[in-house]
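Participant: Below is the file my_file_23.pdb, which contains PDB, C-alpha atoms, pLDDT in the B column.
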```pdb
MODEL        1
ATOM      1  CA  MET C 237      84.646  -4.617  14.207  1.00 42.00           C
ATOM      2  CA  ALA C 238      83.075  -1.500  15.647  1.00 44.00           C
ATOM      3  CA  ASP C 239      79.975  -2.030  13.540  1.00 60.00           C
ATOM      4  CA  ASP C 240      79.217  -5.227  15.441  1.00 68.00           C
ATOM      5  CA  ASN C 241      77.887  -3.106  18.279  1.00 85.00           C
ATOM      6  CA  LYS C 242      75.676  -0.991  16.078  1.00 90.00           C
ATOM      7  CA  ARG C 243      72.038  -1.893  16.454  1.00 96.00           C
ATOM      8  CA  LEU C 244      68.897  -1.724  14.408  1.00 97.00           C
ATOM      9  CA  ILE C 245      66.348  -0.160  16.722  1.00 98.00           C
ATOM     10  CA  TRP C 246      62.596   0.002  16.571  1.00 98.00           C
ATOM     11  CA  PHE C 247      61.144   2.747  18.791  1.00 98.00           C
ATOM     12  CA  PHE C 248      57.461   2.056  19.452  1.00 97.00           C
ATOM     13  CA  GLY C 249      54.648   3.164  21.746  1.00 96.00           C
ATOM     14  CA  ARG C 250      52.517   0.706  23.697  1.00 95.00           C
ATOM     15  CA  GLU C 251      49.296   2.601  22.922  1.00 94.00           C
ATOM     16  CA  CYS C 252      50.168   3.440  19.314  1.00 95.00           C
ATOM     17  CA  PRO C 253      47.785   1.479  17.019  1.00 94.00           C
ATOM     18  CA  HIS C 254      50.170   1.546  14.041  1.00 94.00           C
ATOM     19  CA  CYS C 255      52.909   0.098  16.249  1.00 96.00           C
ATOM     20  CA  ARG C 256      50.545  -2.679  17.294  1.00 95.00           C
ATOM     21  CA  GLN C 257      49.788  -3.447  13.679  1.00 94.00           C
ATOM     22  CA  LEU C 258      53.491  -3.501  12.872  1.00 96.00           C
ATOM     23  CA  HIS C 259      54.506  -5.990  15.553  1.00 96.00           C
ATOM     24  CA  PRO C 260      53.656  -9.092  13.466  1.00 96.00           C
ATOM     25  CA  VAL C 261      55.278  -7.520  10.378  1.00 96.00           C
ATOM     26  CA  VAL C 262      58.511  -6.859  12.262  1.00 97.00           C
ATOM     27  CA  ASP C 263      58.453 -10.273  13.936  1.00 97.00           C
ATOM     28  CA  LYS C 264      58.024 -11.986  10.555  1.00 97.00           C
ATOM     29  CA  PHE C 265      60.794  -9.856   9.050  1.00 97.00           C
ATOM     30  CA  ILE C 266      63.152 -10.885  11.861  1.00 97.00           C
ATOM     31  CA  GLU C 267      62.163 -14.521  11.429  1.00 97.00           C
ATOM     32  CA  ASP C 268      62.477 -14.498   7.635  1.00 96.00           C
ATOM     33  CA  THR C 269      65.768 -12.626   7.413  1.00 96.00           C
ATOM     34  CA  GLY C 270      67.527 -13.454  10.675  1.00 96.00           C
ATOM     35  CA  ILE C 271      68.222  -9.729  11.054  1.00 96.00           C
ATOM     36  CA  GLU C 272      68.018  -8.597  14.661  1.00 96.00           C
ATOM     37  CA  ILE C 273      65.927  -5.547  15.508  1.00 97.00           C
ATOM     38  CA  VAL C 274      65.884  -4.260  19.087  1.00 97.00           C
ATOM     39  CA  LYS C 275      62.409  -3.132  20.190  1.00 97.00           C
ATOM     40  CA  LEU C 276      62.314  -0.189  22.583  1.00 98.00           C
ATOM     41  CA  GLU C 277      59.086   1.188  24.063  1.00 97.00           C
ATOM     42  CA  VAL C 278      59.264   4.970  24.541  1.00 97.00           C
ATOM     43  CA  TRP C 279      56.192   6.105  26.527  1.00 96.00           C
ATOM     44  CA  HIS C 280      56.741   3.876  29.546  1.00 95.00           C
ATOM     45  CA  ASP C 281      60.535   3.787  29.633  1.00 96.00           C
ATOM     46  CA  ASP C 282      62.328   7.104  30.049  1.00 94.00           C
ATOM     47  CA  LYS C 283      65.694   5.626  29.134  1.00 97.00           C
ATOM     48  CA  ASN C 284      64.351   4.483  25.776  1.00 97.00           C
ATOM     49  CA  ALA C 285      62.681   7.844  25.241  1.00 96.00           C
ATOM     50  CA  GLN C 286      65.944   9.600  26.008  1.00 96.00           C
ATOM     51  CA  LEU C 287      67.786   7.422  23.501  1.00 97.00           C
ATOM     52  CA  MET C 288      65.181   8.236  20.862  1.00 97.00           C
ATOM     53  CA  ARG C 289      65.498  11.955  21.621  1.00 96.00           C
ATOM     54  CA  SER C 290      69.281  11.670  21.228  1.00 96.00           C
ATOM     55  CA  HIS C 291      68.629  10.774  17.571  1.00 95.00           C
ATOM     56  CA  GLY C 292      65.875  13.387  17.448  1.00 92.00           C
ATOM     57  CA  ASP C 293      66.930  15.372  14.400  1.00 93.00           C
ATOM     58  CA  VAL C 294      67.204  12.348  12.109  1.00 96.00           C
ATOM     59  CA  ILE C 295      64.039  10.676  13.372  1.00 96.00           C
ATOM     60  CA  ALA C 296      61.980  13.885  13.336  1.00 93.00           C
ATOM     61  CA  ASP C 297      63.058  14.475   9.761  1.00 93.00           C
ATOM     62  CA  ALA C 298      61.944  10.959   8.795  1.00 94.00           C
ATOM     63  CA  CYS C 299      58.648  11.501  10.634  1.00 92.00           C
ATOM     64  CA  GLY C 300      57.814  14.685   8.753  1.00 86.00           C
ATOM     65  CA  GLY C 301      59.002  17.218  11.325  1.00 87.00           C
ATOM     66  CA  SER C 302      58.296  15.881  14.840  1.00 89.00           C
ATOM     67  CA  LEU C 303      59.341  12.834  16.786  1.00 93.00           C
ATOM     68  CA  GLY C 304      56.886  10.003  16.291  1.00 95.00           C
ATOM     69  CA  VAL C 305      56.396   6.281  16.440  1.00 97.00           C
ATOM     70  CA  PRO C 306      56.731   3.771  14.889  1.00 97.00           C
ATOM     71  CA  ALA C 307      60.314   4.837  14.144  1.00 97.00           C
ATOM     72  CA  PHE C 308      63.231   2.694  13.050  1.00 98.00           C
ATOM     73  CA  TYR C 309      66.793   3.866  13.569  1.00 97.00           C
ATOM     74  CA  ASN C 310      69.892   2.262  12.095  1.00 97.00           C
ATOM     75  CA  GLU C 311      72.891   2.993  14.341  1.00 96.00           C
ATOM     76  CA  ARG C 312      75.350   1.951  11.632  1.00 95.00           C
ATOM     77  CA  THR C 313      74.078   4.274   8.906  1.00 96.00           C
ATOM     78  CA  GLY C 314      72.419   6.912  11.112  1.00 96.00           C
ATOM     79  CA  LYS C 315      69.317   6.659   8.933  1.00 96.00           C
ATOM     80  CA  ALA C 316      65.717   6.423  10.078  1.00 97.00           C
ATOM     81  CA  ILE C 317      62.341   5.492   8.674  1.00 97.00           C
ATOM     82  CA  CYS C 318      59.097   6.374  10.337  1.00 96.00           C
ATOM     83  CA  GLY C 319      55.325   6.094  10.118  1.00 92.00           C
ATOM     84  CA  ALA C 320      52.457   3.714   9.533  1.00 90.00           C
ATOM     85  CA  ARG C 321      53.338   2.732   5.980  1.00 91.00           C
ATOM     86  CA  ILE C 322      56.292   0.491   6.679  1.00 94.00           C
ATOM     87  CA  ASP C 323      56.506  -2.993   5.223  1.00 94.00           C
ATOM     88  CA  ALA C 324      59.145  -5.711   4.852  1.00 95.00           C
ATOM     89  CA  ASP C 325      60.661  -4.116   1.721  1.00 96.00           C
ATOM     90  CA  ARG C 326      61.205  -0.789   3.465  1.00 95.00           C
ATOM     91  CA  LEU C 327      62.619  -2.564   6.499  1.00 97.00           C
ATOM     92  CA  GLN C 328      65.050  -4.470   4.295  1.00 96.00           C
ATOM     93  CA  LYS C 329      66.288  -1.302   2.562  1.00 96.00           C
ATOM     94  CA  TRP C 330      66.635   0.489   5.917  1.00 96.00           C
ATOM     95  CA  ALA C 331      68.499  -2.441   7.459  1.00 96.00           C
ATOM     96  CA  ASN C 332      70.845  -2.710   4.497  1.00 93.00           C
ATOM     97  CA  GLY C 333      71.538   1.024   4.635  1.00 84.00           C
TER      98      GLY C 333
ATOM     99  CA  MET I  92      56.326  39.125  15.962  1.00 73.00           C
ATOM    100  CA  THR I  93      55.540  37.001  19.021  1.00 82.00           C
ATOM    101  CA  LEU I  94      51.854  36.805  19.834  1.00 90.00           C
ATOM    102  CA  VAL I  95      51.255  36.937  23.571  1.00 94.00           C
ATOM    103  CA  LYS I  96      48.139  35.207  24.829  1.00 95.00           C
ATOM    104  CA  LYS I  97      46.384  36.567  27.893  1.00 97.00           C
ATOM    105  CA  PHE I  98      43.342  35.739  30.001  1.00 98.00           C
ATOM    106  CA  TRP I  99      40.087  37.572  29.467  1.00 98.00           C
ATOM    107  CA  ARG I 100      36.978  37.347  31.643  1.00 98.00           C
ATOM    108  CA  CYS I 101      33.419  38.065  30.610  1.00 98.00           C
ATOM    109  CA  HIS I 102      32.246  40.478  33.281  1.00 98.00           C
ATOM    110  CA  ILE I 103      28.657  39.303  32.822  1.00 98.00           C
ATOM    111  CA  CYS I 104      28.997  35.528  33.272  1.00 97.00           C
ATOM    112  CA  ASN I 105      32.684  34.907  34.171  1.00 96.00           C
ATOM    113  CA  ASP I 106      33.410  32.988  30.960  1.00 97.00           C
ATOM    114  CA  ILE I 107      37.202  32.735  30.556  1.00 97.00           C
ATOM    115  CA  HIS I 108      39.004  33.162  27.251  1.00 98.00           C
ATOM    116  CA  TYR I 109      42.741  32.645  26.717  1.00 97.00           C
ATOM    117  CA  GLY I 110      44.008  34.369  23.612  1.00 97.00           C
ATOM    118  CA  VAL I 111      45.683  37.343  22.016  1.00 97.00           C
ATOM    119  CA  LYS I 112      42.416  39.281  22.022  1.00 97.00           C
ATOM    120  CA  PRO I 113      38.965  38.716  23.523  1.00 97.00           C
ATOM    121  CA  PRO I 114      35.998  37.455  21.502  1.00 97.00           C
ATOM    122  CA  GLU I 115      33.556  40.176  20.501  1.00 98.00           C
ATOM    123  CA  LEU I 116      30.594  38.030  21.554  1.00 98.00           C
ATOM    124  CA  CYS I 117      30.684  35.923  24.693  1.00 98.00           C
ATOM    125  CA  PRO I 118      30.040  32.316  23.557  1.00 97.00           C
ATOM    126  CA  THR I 119      28.330  31.541  26.871  1.00 97.00           C
ATOM    127  CA  CYS I 120      25.966  34.455  27.552  1.00 98.00           C
ATOM    128  CA  GLY I 121      26.057  36.292  24.239  1.00 98.00           C
ATOM    129  CA  ALA I 122      27.068  39.639  25.738  1.00 98.00           C
ATOM    130  CA  LYS I 123      28.833  41.969  23.322  1.00 98.00           C
ATOM    131  CA  ASN I 124      32.271  43.468  24.078  1.00 98.00           C
ATOM    132  CA  ALA I 125      32.065  42.097  27.626  1.00 98.00           C
ATOM    133  CA  PHE I 126      35.553  40.653  28.104  1.00 98.00           C
ATOM    134  CA  VAL I 127      38.000  42.368  30.417  1.00 98.00           C
ATOM    135  CA  LEU I 128      41.669  41.539  30.804  1.00 98.00           C
ATOM    136  CA  CYS I 129      42.347  39.497  33.928  1.00 97.00           C
ATOM    137  CA  ASP I 130      45.421  37.912  35.481  1.00 96.00           C
ATOM    138  CA  ARG I 131      46.395  34.266  35.641  1.00 96.00           C
ATOM    139  CA  ASN I 132      45.432  33.835  39.285  1.00 96.00           C
ATOM    140  CA  GLU I 133      41.938  35.165  38.712  1.00 96.00           C
ATOM    141  CA  ALA I 134      41.446  32.997  35.639  1.00 97.00           C
ATOM    142  CA  MET I 135      42.753  29.890  37.383  1.00 96.00           C
ATOM    143  CA  GLN I 136      40.489  30.383  40.389  1.00 95.00           C
ATOM    144  CA  ILE I 137      37.432  30.658  38.167  1.00 95.00           C
ATOM    145  CA  MET I 138      38.429  27.645  36.059  1.00 93.00           C
ATOM    146  CA  ALA I 139      39.271  25.554  39.132  1.00 92.00           C
ATOM    147  CA  SER I 140      35.647  25.822  40.205  1.00 90.00           C
ATOM    148  CA  ALA I 141      34.599  23.733  37.189  1.00 87.00           C
ATOM    149  CA  ASP I 142      34.014  20.318  38.673  1.00 85.00           C
ATOM    150  CA  TYR I 143      34.395  17.853  35.833  1.00 87.00           C
ATOM    151  CA  SER I 144      37.068  15.825  34.115  1.00 89.00           C
ATOM    152  CA  ILE I 145      37.592  13.803  30.953  1.00 94.00           C
ATOM    153  CA  SER I 146      38.942  10.670  32.525  1.00 94.00           C
ATOM    154  CA  THR I 147      37.533   7.631  30.766  1.00 96.00           C
ATOM    155  CA  PRO I 148      38.174   6.346  27.227  1.00 96.00           C
ATOM    156  CA  ALA I 149      34.482   6.877  26.421  1.00 96.00           C
ATOM    157  CA  GLU I 150      34.638  10.524  27.548  1.00 97.00           C
ATOM    158  CA  VAL I 151      37.770  11.113  25.496  1.00 97.00           C
ATOM    159  CA  ALA I 152      36.164   9.511  22.429  1.00 96.00           C
ATOM    160  CA  LYS I 153      33.011  11.610  22.860  1.00 96.00           C
ATOM    161  CA  ALA I 154      35.071  14.824  22.904  1.00 97.00           C
ATOM    162  CA  TRP I 155      36.760  13.693  19.678  1.00 97.00           C
ATOM    163  CA  ILE I 156      33.427  12.813  18.035  1.00 96.00           C
ATOM    164  CA  ASP I 157      31.955  16.179  19.035  1.00 97.00           C
ATOM    165  CA  LEU I 158      34.946  17.899  17.451  1.00 97.00           C
ATOM    166  CA  THR I 159      34.331  16.115  14.150  1.00 97.00           C
ATOM    167  CA  ALA I 160      30.579  16.815  14.034  1.00 95.00           C
ATOM    168  CA  LYS I 161      30.807  19.992  11.963  1.00 92.00           C
ATOM    169  CA  SER I 162      34.220  19.403  10.434  1.00 95.00           C
ATOM    170  CA  ASP I 163      35.615  18.088   7.194  1.00 96.00           C
ATOM    171  CA  PHE I 164      37.242  15.232   9.074  1.00 97.00           C
ATOM    172  CA  GLU I 165      35.945  12.240  10.982  1.00 97.00           C
ATOM    173  CA  LEU I 166      37.225   9.592  13.361  1.00 96.00           C
ATOM    174  CA  TRP I 167      39.072   6.516  12.135  1.00 96.00           C
ATOM    175  CA  ASP I 168      36.470   3.796  11.536  1.00 95.00           C
ATOM    176  CA  ASP I 169      38.539   1.237  13.466  1.00 95.00           C
ATOM    177  CA  SER I 170      36.864   1.349  16.878  1.00 95.00           C
ATOM    178  CA  GLU I 171      39.559  -0.805  18.477  1.00 95.00           C
ATOM    179  CA  ALA I 172      42.275   1.626  17.332  1.00 95.00           C
ATOM    180  CA  VAL I 173      40.244   4.591  18.626  1.00 96.00           C
ATOM    181  CA  LYS I 174      39.891   2.825  21.977  1.00 96.00           C
ATOM    182  CA  THR I 175      43.638   2.151  22.093  1.00 95.00           C
ATOM    183  CA  LEU I 176      44.367   5.819  21.367  1.00 96.00           C
ATOM    184  CA  SER I 177      41.888   7.065  23.969  1.00 97.00           C
ATOM    185  CA  GLU I 178      43.491   4.800  26.564  1.00 96.00           C
ATOM    186  CA  GLY I 179      46.892   6.057  25.434  1.00 96.00           C
ATOM    187  CA  VAL I 180      46.128   9.748  25.874  1.00 97.00           C
ATOM    188  CA  LEU I 181      44.742   9.037  29.344  1.00 97.00           C
ATOM    189  CA  GLU I 182      47.841   7.034  30.216  1.00 96.00           C
ATOM    190  CA  ASN I 183      50.006   9.955  29.074  1.00 96.00           C
ATOM    191  CA  ASN I 184      47.822  12.352  31.053  1.00 96.00           C
ATOM    192  CA  ARG I 185      48.436  10.282  34.188  1.00 96.00           C
ATOM    193  CA  ASN I 186      52.172   9.837  33.597  1.00 95.00           C
ATOM    194  CA  LYS I 187      53.174  13.035  31.792  1.00 94.00           C
ATOM    195  CA  GLY I 188      50.514  15.560  32.809  1.00 95.00           C
ATOM    196  CA  LEU I 189      48.754  16.167  29.489  1.00 97.00           C
ATOM    197  CA  LYS I 190      46.870  14.107  26.914  1.00 97.00           C
ATOM    198  CA  TYR I 191      49.832  13.723  24.592  1.00 97.00           C
ATOM    199  CA  CYS I 192      49.442  11.781  21.340  1.00 97.00           C
ATOM    200  CA  PRO I 193      50.536   8.159  21.953  1.00 97.00           C
ATOM    201  CA  CYS I 194      52.130   8.113  18.482  1.00 96.00           C
ATOM    202  CA  ARG I 195      54.404  11.069  19.176  1.00 96.00           C
ATOM    203  CA  ILE I 196      56.943  11.565  21.934  1.00 95.00           C
ATOM    204  CA  THR I 197      57.654  14.507  24.185  1.00 93.00           C
ATOM    205  CA  THR I 198      60.840  16.502  23.697  1.00 90.00           C
ATOM    206  CA  GLY I 199      61.098  17.783  27.276  1.00 88.00           C
ATOM    207  CA  ASP I 200      60.400  21.338  26.099  1.00 91.00           C
ATOM    208  CA  LYS I 201      56.963  22.047  27.633  1.00 91.00           C
ATOM    209  CA  GLU I 202      56.132  24.830  25.215  1.00 90.00           C
ATOM    210  CA  LYS I 203      57.049  22.691  22.211  1.00 90.00           C
ATOM    211  CA  ASP I 204      55.274  19.634  23.606  1.00 94.00           C
ATOM    212  CA  LEU I 205      51.959  21.515  23.653  1.00 94.00           C
ATOM    213  CA  ASN I 206      51.998  20.870  19.919  1.00 93.00           C
ATOM    214  CA  ILE I 207      51.463  17.142  20.476  1.00 95.00           C
ATOM    215  CA  VAL I 208      48.506  17.303  22.853  1.00 97.00           C
ATOM    216  CA  CYS I 209      45.700  15.353  21.164  1.00 97.00           C
ATOM    217  CA  PRO I 210      43.959  16.595  19.084  1.00 97.00           C
ATOM    218  CA  CYS I 211      46.897  18.487  17.670  1.00 96.00           C
ATOM    219  CA  ASN I 212      47.035  20.878  14.719  1.00 95.00           C
ATOM    220  CA  PHE I 213      47.077  17.871  12.413  1.00 95.00           C
ATOM    221  CA  LYS I 214      46.138  19.634   9.197  1.00 95.00           C
ATOM    222  CA  ALA I 215      49.609  21.153   9.201  1.00 92.00           C
ATOM    223  CA  GLN I 216      51.147  17.690   9.105  1.00 90.00           C
ATOM    224  CA  LYS I 217      52.635  15.966   6.112  1.00 90.00           C
ATOM    225  CA  THR I 218      50.379  12.927   6.577  1.00 93.00           C
ATOM    226  CA  TRP I 219      47.281  15.126   6.293  1.00 95.00           C
ATOM    227  CA  LYS I 220      48.539  16.662   3.080  1.00 94.00           C
ATOM    228  CA  GLU I 221      49.612  13.320   1.589  1.00 93.00           C
ATOM    229  CA  TYR I 222      47.039  10.866   2.931  1.00 94.00           C
ATOM    230  CA  GLY I 223      44.279  12.972   4.497  1.00 96.00           C
ATOM    231  CA  GLU I 224      44.909  11.732   8.008  1.00 96.00           C
ATOM    232  CA  CYS I 225      46.650  12.835  11.176  1.00 96.00           C
ATOM    233  CA  TRP I 226      49.923  11.224  12.218  1.00 95.00           C
ATOM    234  CA  CYS I 227      48.281   8.507  14.299  1.00 94.00           C
ATOM    235  CA  GLY I 228      45.350   8.032  11.888  1.00 94.00           C
ATOM    236  CA  LEU I 229      42.756   9.065  14.474  1.00 97.00           C
ATOM    237  CA  PHE I 230      41.330  11.870  12.337  1.00 97.00           C
ATOM    238  CA  VAL I 231      40.759  11.251   8.649  1.00 97.00           C
ATOM    239  CA  ARG I 232      39.386  13.445   5.888  1.00 97.00           C
ATOM    240  CA  ARG I 233      35.633  12.972   5.595  1.00 96.00           C
ATOM    241  CA  LYS I 234      34.632  11.000   2.481  1.00 88.00           C
TER     242      LYS I 234
ENDMDL
END
```
Here is the file; what I need is its structure written in the form of structure tokens.
Facilitator:
Amino acid sequence: MADDNKRLIWFFGRECPHCRQLHPVVDKFIEDTGIEIVKLEVWHDDKNAQLMRSHGDVIADACGGSLGVPAFYNERTGKAICGARIDADRLQKWANG
Amino acid sequence: MTLVKKFWRCHICNDIHYGVKPPELCPTCGAKNAFVLCDRNEAMQIMASADYSISTPAEVAKAWIDLTAKSDFELWDDSEAVKTLSEGVLENNRNKGLKYCPCRITTGDKEKDLNIVCPCNFKAQKTWKEYGECWCGLFVRRK
């Protein structure tokens, strides 16, 4: 199935405090649900930044107008969630599409 | 209408202003109506003579604190987060040329990316309107 290659991606920044706070939340979510989320750092890896920019319109919209981190992008649904106020419930809804 | 910013030089003390029009009073020497239009080269030469930089996390944090002193916003009370952010803007300054917000990302459009140099125009952001804080939480509405 084509969807097998579609990833759930978390774009984060190494020096973003909200991203730091989210790491244990995301790790626990992955552990509890078995759902895989790929973590991509965007300030120190141009390839990751470029990938994030390629989904720029959707992510910027989710971030309130500009590209920001933490941002989560679902390649299957093309939907994104963004910002500091993300918890396991929001992750679950985003992952489910 | 596009507003075109230009350089202006106080002919009394060589203060430089970059804007659509010059200030009526020079903020440095107090002279009235003393600014004359100057070109980029002249402005850059004068500014290049200023021998200082903001290159440590403490210096970055001090500039932020000074900005909040007479404002209706203050710094996030999480000193560790403030330190992380100050290190982040310096890292971005080293790698990308300007103190970009570590919680945003550049688009590659230099003009557009000026909007994410920290501190940015955060009161225009959704998070300020909804939660009273900038995107990264560095500046929060004063209680």
Participant: I'd like the interatomic distance between CA of Thr147 (chain I) and CA of Asn212 (chain I), to a tenth of an Å.
Facilitator: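 Computing the Euclidean distance for CA of Thr147 (chain I) and CA of Asn212 (chain I) yields 22.9 Å.
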Participant: Would you pick out the contacts of Glu272 (chain C) at 9 Å or less, using all atoms listed in the file, so that residues sharing its chain but fewer than 3 positions from it are not included, and give the list as a PyMOL selection string?
Facilitator: chain C and resi 243-245+266-267+269
Participant: When you draw a straight line from CA of Ile271 (chain C) to CA of Trp226 (chain I), how long is it in Å?
Facilitator: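 Between CA of Ile271 (chain C) and CA of Trp226 (chain I) the gap works out to 27.8 Å.
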Participant: Determine, counting all atoms listed in the file, which protein, DNA and RNA residues have an atom within 9 Å of an atom of Thr197 (chain I); residues of the same chain fewer than 6 positions away are not included. Present the result as a ChimeraX atom specification.
Facilitator: /C:279,285,289,303 /I:187,191,203-204,207
Participant: Store the residues picked out above in a file with C-alpha atoms, as an mmCIF file, in the frame of the given file.
Facilitator:
```
data_model
loop_
_atom_site.group_PDB
_atom_site.id
_atom_site.type_symbol
_atom_site.label_atom_id
_atom_site.label_comp_id
_atom_site.auth_asym_id
_atom_site.auth_seq_id
_atom_site.Cartn_x
_atom_site.Cartn_y
_atom_site.Cartn_z
ATOM 1 C CA TRP C 279 56.192 6.105 26.527
ATOM 2 C CA ALA C 285 62.681 7.844 25.241
ATOM 3 C CA ARG C 289 65.498 11.955 21.621
ATOM 4 C CA LEU C 303 59.341 12.834 16.786
ATOM 5 C CA LYS I 187 53.174 13.035 31.792
ATOM 6 C CA TYR I 191 49.832 13.723 24.592
ATOM 7 C CA LYS I 203 57.049 22.691 22.211
ATOM 8 C CA ASP I 204 55.274 19.634 23.606
ATOM 9 C CA ILE I 207 51.463 17.142 20.476
#
```
Participant: Between C:Asp268, C:Trp246, C:Ser302, C:Arg321, which one has atoms that come closest to chain I, using all atoms listed in the file?
Facilitator: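 Going through C:Asp268, C:Trp246, C:Ser302, C:Arg321 one by one, the smallest distance to chain I is for C:Ser302.
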Participant: Taking all atoms listed in the file into account, what are the residues of chain C at most 7 Å from chain I, put as a list in words?
Facilitator: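 The contacting residues on chain C are Gly249, Glu251, Cys252, Pro253, Arg289, Gly300, Leu303, Gly304 and Val305 of chain C.
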Participant: Near region 94-104 of chain I, within 10 Å and counting all atoms listed in the file, which residues show up once chain neighbours fewer than 4 positions away are dropped, as a VMD selection string?
Facilitator: chain I and resid 108 to 114 116 to 135 137
Participant: Report the distance between CA of Pro210 (chain I) and CA of Asp282 (chain C) in Å, rounded to one decimal place.
Facilitator: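 Atom-to-atom, CA of Pro210 (chain I) and CA of Asp282 (chain C) are spaced 23.4 Å apart.
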Participant: Pick the closest to Pro260 (chain C) from C:Asp323, C:Glu311, C:Asp281, C:Asp297: which is it, counting all atoms listed in the file?
Facilitator: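 Distance minimum relative to Pro260 (chain C) lands on C:Asp323.
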Participant: So, with only C-alpha atoms as the atoms that count, which of C:Ile273, C:Ala298, C:Val262, C:Ala331 lies closest to Ile317 (chain C)?
Facilitator: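 Going through C:Ile273, C:Ala298, C:Val262, C:Ala331 one by one, the smallest distance to Ile317 (chain C) is for C:Ala298.
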Participant: Quick one: of I:Leu158, I:Val151, I:Ile107, I:Cys211, who's nearest to Met138 (chain I), counting only C-alpha atoms?
Facilitator: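 Checking each candidate against Met138 (chain I), we get I:Ile107 as the closest.
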Participant: Nearest to Leu258 (chain C) among C:Leu287, C:Val278, C:Ala307, C:Ala296, with distances taken over all atoms listed in the file: which residue is it?
Facilitator: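 That would be C:Ala307, the residue with the smallest distance to Leu258 (chain C).
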